[in-house]
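Structure file my_file_10.cif; described as mmCIF, C-alpha atoms.
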```cif
data_target
#
loop_
_atom_site.label_atom_id
_atom_site.label_comp_id
_atom_site.auth_asym_id
_atom_site.auth_seq_id
_atom_site.Cartn_x
_atom_site.Cartn_y
_atom_site.Cartn_z
CA MET B 1193 200.40 298.37 -90.42
CA LYS B 1194 197.35 296.54 -89.04
CA THR B 1195 199.66 293.95 -87.49
CA VAL B 1196 201.70 296.64 -85.68
CA PHE B 1197 198.54 298.32 -84.44
CA SER B 1198 197.17 294.98 -83.16
CA ILE B 1199 200.37 294.24 -81.24
CA ALA B 1200 200.39 297.71 -79.66
CA LEU B 1201 196.74 297.35 -78.69
CA CYS B 1202 197.48 293.98 -77.12
CA PHE B 1203 200.27 295.41 -74.93
CA PHE B 1204 198.00 298.28 -73.88
CA VAL B 1205 195.24 295.89 -72.78
CA ILE B 1206 197.71 293.72 -70.80
CA ALA B 1207 199.16 296.79 -69.06
CA CYS B 1208 195.70 297.96 -68.06
CA LYS B 1209 194.82 294.55 -66.63
CA GLU B 1210 198.02 294.44 -64.58
CA LYS B 1211 197.51 297.86 -63.01
CA PRO B 1212 196.66 297.43 -59.30
CA LYS B 1213 193.17 298.44 -58.30
CA ASN B 1214 194.19 300.01 -54.99
CA ASN B 1215 197.34 302.06 -54.57
CA SER B 1216 196.62 303.09 -50.97
CA LEU B 1217 199.37 302.36 -48.45
CA LYS B 1218 198.84 299.83 -45.73
CA LYS B 1219 199.79 300.90 -42.21
CA GLU B 1220 203.15 299.13 -42.22
CA GLU B 1221 204.05 300.50 -45.67
CA ILE B 1222 203.80 304.19 -44.79
CA PRO B 1223 207.09 305.87 -45.71
CA LYS B 1224 209.02 306.92 -42.64
CA THR B 1225 211.54 309.24 -44.30
CA THR B 1226 210.80 312.95 -44.24
CA LYS B 1227 212.11 315.80 -46.37
CA ASN B 1228 214.97 316.29 -43.89
CA ASN B 1229 215.97 312.63 -43.95
CA ILE B 1230 214.47 311.92 -40.54
CA ASN B 1231 213.46 308.29 -40.12
CA ILE B 1232 210.69 307.61 -37.64
CA ILE B 1233 210.78 304.11 -36.22
CA PRO B 1234 208.00 303.07 -33.81
CA ILE B 1235 209.17 300.58 -31.19
CA GLU B 1236 206.16 300.12 -28.92
CA HIS B 1237 203.60 302.25 -27.05
CA ALA B 1238 205.63 305.38 -26.12
CA SER B 1239 209.01 304.18 -27.35
CA ALA B 1240 210.37 305.42 -30.66
CA VAL B 1241 213.62 305.94 -32.54
CA LEU B 1242 214.37 308.97 -34.68
CA GLU B 1243 217.28 308.82 -37.10
CA THR B 1244 218.75 311.90 -38.76
CA ASP B 1245 221.75 311.98 -41.06
CA ASN B 1246 224.09 312.35 -38.09
CA THR B 1247 222.15 311.59 -34.92
CA THR B 1248 220.00 308.81 -33.48
CA LEU B 1249 217.48 309.65 -30.78
CA TYR B 1250 215.64 307.20 -28.53
CA ILE B 1251 212.40 308.39 -26.92
CA ASP B 1252 211.29 306.62 -23.72
CA PRO B 1253 213.16 303.37 -24.41
CA VAL B 1254 211.56 300.37 -22.71
CA GLY B 1255 211.39 296.69 -23.57
CA GLY B 1256 214.99 295.71 -22.92
CA ALA B 1257 217.89 295.53 -25.35
CA LYS B 1258 215.95 293.14 -27.59
CA ALA B 1259 213.51 295.90 -28.52
CA PHE B 1260 216.39 297.91 -30.01
CA ILE B 1261 218.56 295.12 -31.37
CA ASN B 1262 218.31 296.29 -34.99
CA GLN B 1263 218.63 300.01 -34.23
CA LYS B 1264 221.63 302.29 -34.41
CA ASP B 1265 223.31 303.16 -31.13
CA PRO B 1266 221.69 306.18 -29.46
CA ASP B 1267 223.29 309.61 -29.39
CA ILE B 1268 220.45 311.20 -27.40
CA ILE B 1269 217.91 309.52 -25.13
CA LEU B 1270 214.80 311.49 -24.15
CA ILE B 1271 212.77 310.41 -21.13
CA THR B 1272 209.44 312.06 -20.45
CA ASP B 1273 208.30 310.79 -17.03
CA ILE B 1274 208.91 308.46 -14.09
CA HIS B 1275 206.30 305.80 -14.96
CA GLY B 1276 207.47 302.39 -16.09
CA ASP B 1277 206.26 302.73 -19.67
CA HIS B 1278 208.59 305.75 -20.05
CA LEU B 1279 211.44 305.16 -17.60
CA ASN B 1280 212.91 301.68 -17.47
CA ILE B 1281 216.33 301.59 -15.86
CA GLU B 1282 216.97 297.97 -16.86
CA THR B 1283 216.49 298.90 -20.51
CA LEU B 1284 218.70 301.98 -20.20
CA GLU B 1285 221.49 299.95 -18.64
CA SER B 1286 221.24 297.34 -21.40
CA LEU B 1287 221.72 299.84 -24.22
CA PRO B 1288 225.06 300.80 -25.80
CA LEU B 1289 225.64 304.16 -24.11
CA ASN B 1290 229.26 304.85 -25.04
CA LYS B 1291 228.31 307.99 -27.00
CA ALA B 1292 224.90 308.73 -25.52
CA ILE B 1293 223.52 311.54 -23.39
CA ILE B 1294 220.22 311.35 -21.52
CA ILE B 1295 217.79 314.26 -21.45
CA ALA B 1296 215.23 314.15 -18.65
CA PRO B 1297 213.34 316.24 -16.11
CA LYS B 1298 214.67 316.35 -12.56
CA ALA B 1299 212.06 313.89 -11.29
CA VAL B 1300 213.44 311.29 -13.70
CA ALA B 1301 217.10 312.14 -13.07
CA ASP B 1302 216.57 311.67 -9.33
CA LYS B 1303 215.56 308.04 -9.93
CA LEU B 1304 218.56 307.12 -12.08
CA PRO B 1305 221.54 305.17 -10.71
CA GLU B 1306 224.77 307.13 -10.35
CA LYS B 1307 226.37 305.73 -13.51
CA LEU B 1308 223.44 307.03 -15.57
CA LYS B 1309 223.29 310.35 -13.75
CA GLY B 1310 226.77 311.01 -15.08
CA ILE B 1311 225.50 311.22 -18.66
CA THR B 1312 222.19 312.91 -17.82
CA ASN B 1313 221.30 316.52 -18.61
CA ILE B 1314 218.34 317.90 -16.68
CA VAL B 1315 215.88 319.91 -18.76
CA ASN B 1316 212.72 320.99 -16.96
CA ASN B 1317 209.44 322.46 -18.21
CA GLY B 1318 209.98 325.54 -20.34
CA GLU B 1319 213.73 325.12 -20.67
CA SER B 1320 215.41 324.84 -24.07
CA LYS B 1321 218.91 323.54 -24.79
CA ASP B 1322 220.96 322.46 -27.80
CA PHE B 1323 222.46 319.00 -27.96
CA LYS B 1324 224.43 317.68 -30.93
CA GLY B 1325 222.91 320.22 -33.29
CA ILE B 1326 219.31 319.62 -32.16
CA ASN B 1327 217.30 322.12 -30.14
CA ILE B 1328 215.30 320.38 -27.43
CA LYS B 1329 212.58 322.25 -25.56
CA ALA B 1330 210.73 320.73 -22.62
CA ILE B 1331 206.97 321.25 -22.93
CA PRO B 1332 204.80 320.66 -19.84
CA MET B 1333 202.69 317.50 -19.68
CA TYR B 1334 200.06 316.98 -17.02
CA ASN B 1335 196.44 316.11 -16.27
CA LEU B 1336 193.53 318.53 -16.07
CA ARG B 1337 190.63 316.35 -14.92
CA GLU B 1338 190.14 316.32 -11.16
CA GLU B 1339 189.98 312.54 -11.04
CA ALA B 1340 193.24 312.24 -12.98
CA LEU B 1341 195.44 314.81 -11.24
CA LYS B 1342 197.23 312.08 -9.30
CA PHE B 1343 198.59 310.51 -12.49
CA HIS B 1344 200.69 313.37 -13.88
CA GLN B 1345 201.31 316.44 -11.78
CA LYS B 1346 202.23 319.69 -13.52
CA GLY B 1347 205.97 320.29 -13.57
CA ARG B 1348 207.08 316.69 -13.11
CA GLY B 1349 207.29 315.33 -16.65
CA ASN B 1350 208.24 316.66 -20.06
CA GLY B 1351 206.80 316.60 -23.50
CA TYR B 1352 209.54 317.47 -26.01
CA LEU B 1353 209.71 319.81 -28.97
CA LEU B 1354 212.66 318.97 -31.22
CA THR B 1355 213.96 321.28 -33.92
CA ILE B 1356 215.98 319.29 -36.43
CA ASN B 1357 217.15 321.12 -39.54
CA LYS B 1358 214.24 323.57 -39.12
CA GLU B 1359 211.71 320.76 -38.83
CA ARG B 1360 209.71 320.92 -35.59
CA ILE B 1361 208.72 317.59 -34.04
CA TYR B 1362 206.59 317.35 -30.90
CA PHE B 1363 206.21 314.37 -28.56
CA SER B 1364 203.37 314.96 -26.13
CA GLY B 1365 204.34 312.52 -23.39
CA ASP B 1366 201.50 311.67 -21.00
CA THR B 1367 199.21 314.67 -21.01
CA GLU B 1368 195.74 316.04 -21.53
CA ASP B 1369 194.91 318.82 -23.95
CA ILE B 1370 196.69 321.45 -21.90
CA PRO B 1371 197.06 325.13 -22.89
CA GLU B 1372 200.77 324.67 -23.53
CA MET B 1373 200.00 322.10 -26.20
CA ARG B 1374 197.26 324.18 -27.77
CA ALA B 1375 199.65 327.15 -27.96
CA LEU B 1376 202.23 325.31 -30.08
CA GLN B 1377 202.95 326.81 -33.50
CA ASN B 1378 204.50 325.69 -36.77
CA ILE B 1379 204.66 322.01 -35.83
CA ASP B 1380 205.60 319.67 -38.66
CA LYS B 1381 205.00 316.39 -36.83
CA ALA B 1382 203.10 315.82 -33.61
CA PHE B 1383 203.05 312.55 -31.68
CA ILE B 1384 199.88 312.65 -29.62
CA CYS B 1385 198.90 310.30 -26.78
CA MET B 1386 195.34 309.28 -25.96
CA ASN B 1387 194.12 306.70 -23.51
CA LEU B 1388 192.03 306.76 -20.38
CA PRO B 1389 192.17 307.06 -17.48
CA TYR B 1390 195.75 308.34 -17.71
CA THR B 1391 195.78 310.89 -20.54
CA MET B 1392 192.88 312.06 -22.73
CA THR B 1393 190.00 310.99 -24.89
CA GLU B 1394 190.06 310.85 -28.67
CA GLU B 1395 187.84 313.93 -28.72
CA SER B 1396 190.17 315.92 -26.46
CA ALA B 1397 193.23 314.91 -28.45
CA ALA B 1398 191.53 315.85 -31.71
CA SER B 1399 190.38 319.19 -30.29
CA ALA B 1400 193.93 320.13 -29.31
CA VAL B 1401 195.33 319.04 -32.67
CA LEU B 1402 192.73 321.08 -34.52
CA GLU B 1403 193.78 324.14 -32.53
CA PHE B 1404 197.57 324.00 -32.99
CA LYS B 1405 197.34 322.53 -36.51
CA PRO B 1406 200.44 320.36 -37.04
CA LYS B 1407 201.11 319.38 -40.63
CA GLN B 1408 201.15 315.71 -39.63
CA VAL B 1409 199.94 313.95 -36.52
CA TYR B 1410 200.93 310.48 -35.35
CA PRO B 1411 198.67 308.86 -32.74
CA TYR B 1412 200.81 306.94 -30.22
CA HIS B 1413 200.51 305.76 -26.62
CA TYR B 1414 196.86 304.87 -27.20
CA ARG B 1415 196.56 301.44 -25.67
CA GLY B 1416 196.28 300.86 -21.96
CA LYS B 1417 194.43 298.98 -19.29
CA PRO B 1418 191.48 299.03 -19.04
CA ASN B 1419 190.81 301.30 -22.01
CA VAL B 1420 192.10 301.33 -25.58
CA SER B 1421 191.52 304.46 -27.63
CA ASP B 1422 189.82 304.42 -31.02
CA VAL B 1423 192.43 306.06 -33.25
CA ALA B 1424 190.15 305.69 -36.28
CA LYS B 1425 187.64 307.89 -34.47
CA PHE B 1426 190.39 310.42 -33.70
CA LYS B 1427 191.43 310.49 -37.35
CA LYS B 1428 187.85 310.95 -38.53
CA ILE B 1429 187.31 313.94 -36.22
CA VAL B 1430 190.55 315.62 -37.29
CA GLN B 1431 190.12 315.15 -41.01
CA LYS B 1432 186.45 316.08 -40.97
CA ASN B 1433 187.32 319.46 -39.45
CA ASN B 1434 190.67 320.08 -41.16
CA SER B 1435 191.57 317.94 -44.15
CA LYS B 1436 194.98 319.64 -44.40
CA ILE B 1437 196.19 317.83 -41.27
CA GLU B 1438 197.55 314.43 -42.27
CA VAL B 1439 196.94 311.66 -39.72
CA ILE B 1440 199.53 308.90 -40.01
CA GLN B 1441 199.08 305.56 -38.28
CA LEU B 1442 202.22 303.60 -37.52
CA ASP B 1443 202.39 300.17 -35.90
CA TRP B 1444 203.06 300.92 -32.22
CA TYR B 1445 201.88 297.55 -30.92
CA PRO B 1446 203.54 294.78 -32.94
CA ASN B 1447 203.24 292.35 -30.03
CA ASN B 1448 199.80 293.52 -28.83
CA ASP B 1449 201.15 293.77 -25.30
CA TYR B 1450 198.78 296.51 -24.18
#
```

Structure encoded using structure tokens:
Amino acid sequence: MKTVFSIALCFFVIACKEKPKNNSLKKEEIPKTTKNNINIIPIEHASAVLETDNTTLYIDPVGGAKAFINQKDPDIILITDIHGDHLNIETLESLPLNKAIIIAPKAVADKLPEKLKGITNIVNNGESKDFKGINIKAIPMYNLREEALKFHQKGRGNGYLLTINKERIYFSGDTEDIPEMRALQNIDKAFICMNLPYTMTEESAASAVLEFKPKQVYPYHYRGKPNVSDVAKFKKIVQKNNSKIEVIQLDWYPNNDY
């Protein structure tokens, strides 16, 4: 009996020694699958891929075909604005578009070549349309500060609110903490930009997030020239004031290009 007890005690001690001291997830290990089987794949800066069970969405694809070489072919491509880190015609033309539609505001559609205009659906601020089982609503995105009004005029670009199997996912595009963002409700995931001089400070981004209270927030589009935002500071402000909001940091700059 003593022998059996000694052996059991030995296994217990070994198991305790082998238990890892830190079970926290590193940035690149954060699970990207949600309850509705939506995979979130950061590409770079403002570019992302969302995969559902039946549909693949590209948001602001830039970086050429090589940036998307391991991704599924797009069904829906969302473009937020005319600037080069959101609209890149060379990248669009390099993608497999045999089954794709493009969703964009008129300012973007006007800049597309004719062959891309043929698969483009114009959705402007405030409009909402269904595509392939996904409701897509165009949310305004623009600057508020006097010195930044030239960057993003109201009415030109779109943020996007996607409803996928009752899950509401918001991409801010290039914006400041505008009333239309603050008025959002029941957001499951919010992708929030922050970098000066083009969008907003960490404090402004956090203030807006704390007002519309998404369940999860993903900082993105936070590096730029000359300034790079401090996303750790943003996270600290949000979680200090509302610990129920989960701040998730994905790797948006694998090549450190910004």

List the spatial neighbours of Ile1235 of chain B as an MDAnalysis selection string - criterion: any atom at most 12 Å away, only C-alpha atoms, same-chain residues fewer than 6 positions off excluded. chainID B and resid 1241:1242 1250:1263 1412:1413 1442:1448

ask   = What is the distance, in Å and to one decimal place, between atom CA of Tyr1410 of chain B and atom CA of Ile1440 of chain B?
value =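 These atoms are spaced 5.1 Å apart.
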
**Request:** Find, counting all atoms listed in the file, the residue in B:Ile1271, B:Val1300, B:Ala1240, B:Ala1292 that gets nearest to Arg1348 of chain B.
**Result:**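 Checking each candidate against Arg1348 of chain B, we get B:Val1300 as the closest.
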
### Answer key for the PyMOL selection byres ((chain B and resi 1388) around 9), residues as a ChimeraX atom specification
/B:1386-1387,1389-1393,1414-1421

Inset, instruction - Could you tell me which of B:Lys1291, B:Lys1428, B:His1344, B:Lys1303 comes closest to Pro1332 of chain B if we count all atoms listed in the file? - result: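 Ranking B:Lys1291, B:Lys1428, B:His1344, B:Lys1303 by distance to Pro1332 of chain B, first place goes to B:His1344.
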
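Distances from B:Ala1340, B:Ile1379, B:Ala1299, B:Val1423 to Val1315 of chain B were compared using all atoms listed in the file, and the smallest one belongs to B:Ala1299.
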
What separates atom CA of Thr1283 of chain B and atom CA of Lys1324 of chain B is a distance of 22.9 Å

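Separating atom CA of Asp1277 of chain B from atom CA of Glu1236 of chain B is a distance of 9.6 Å.
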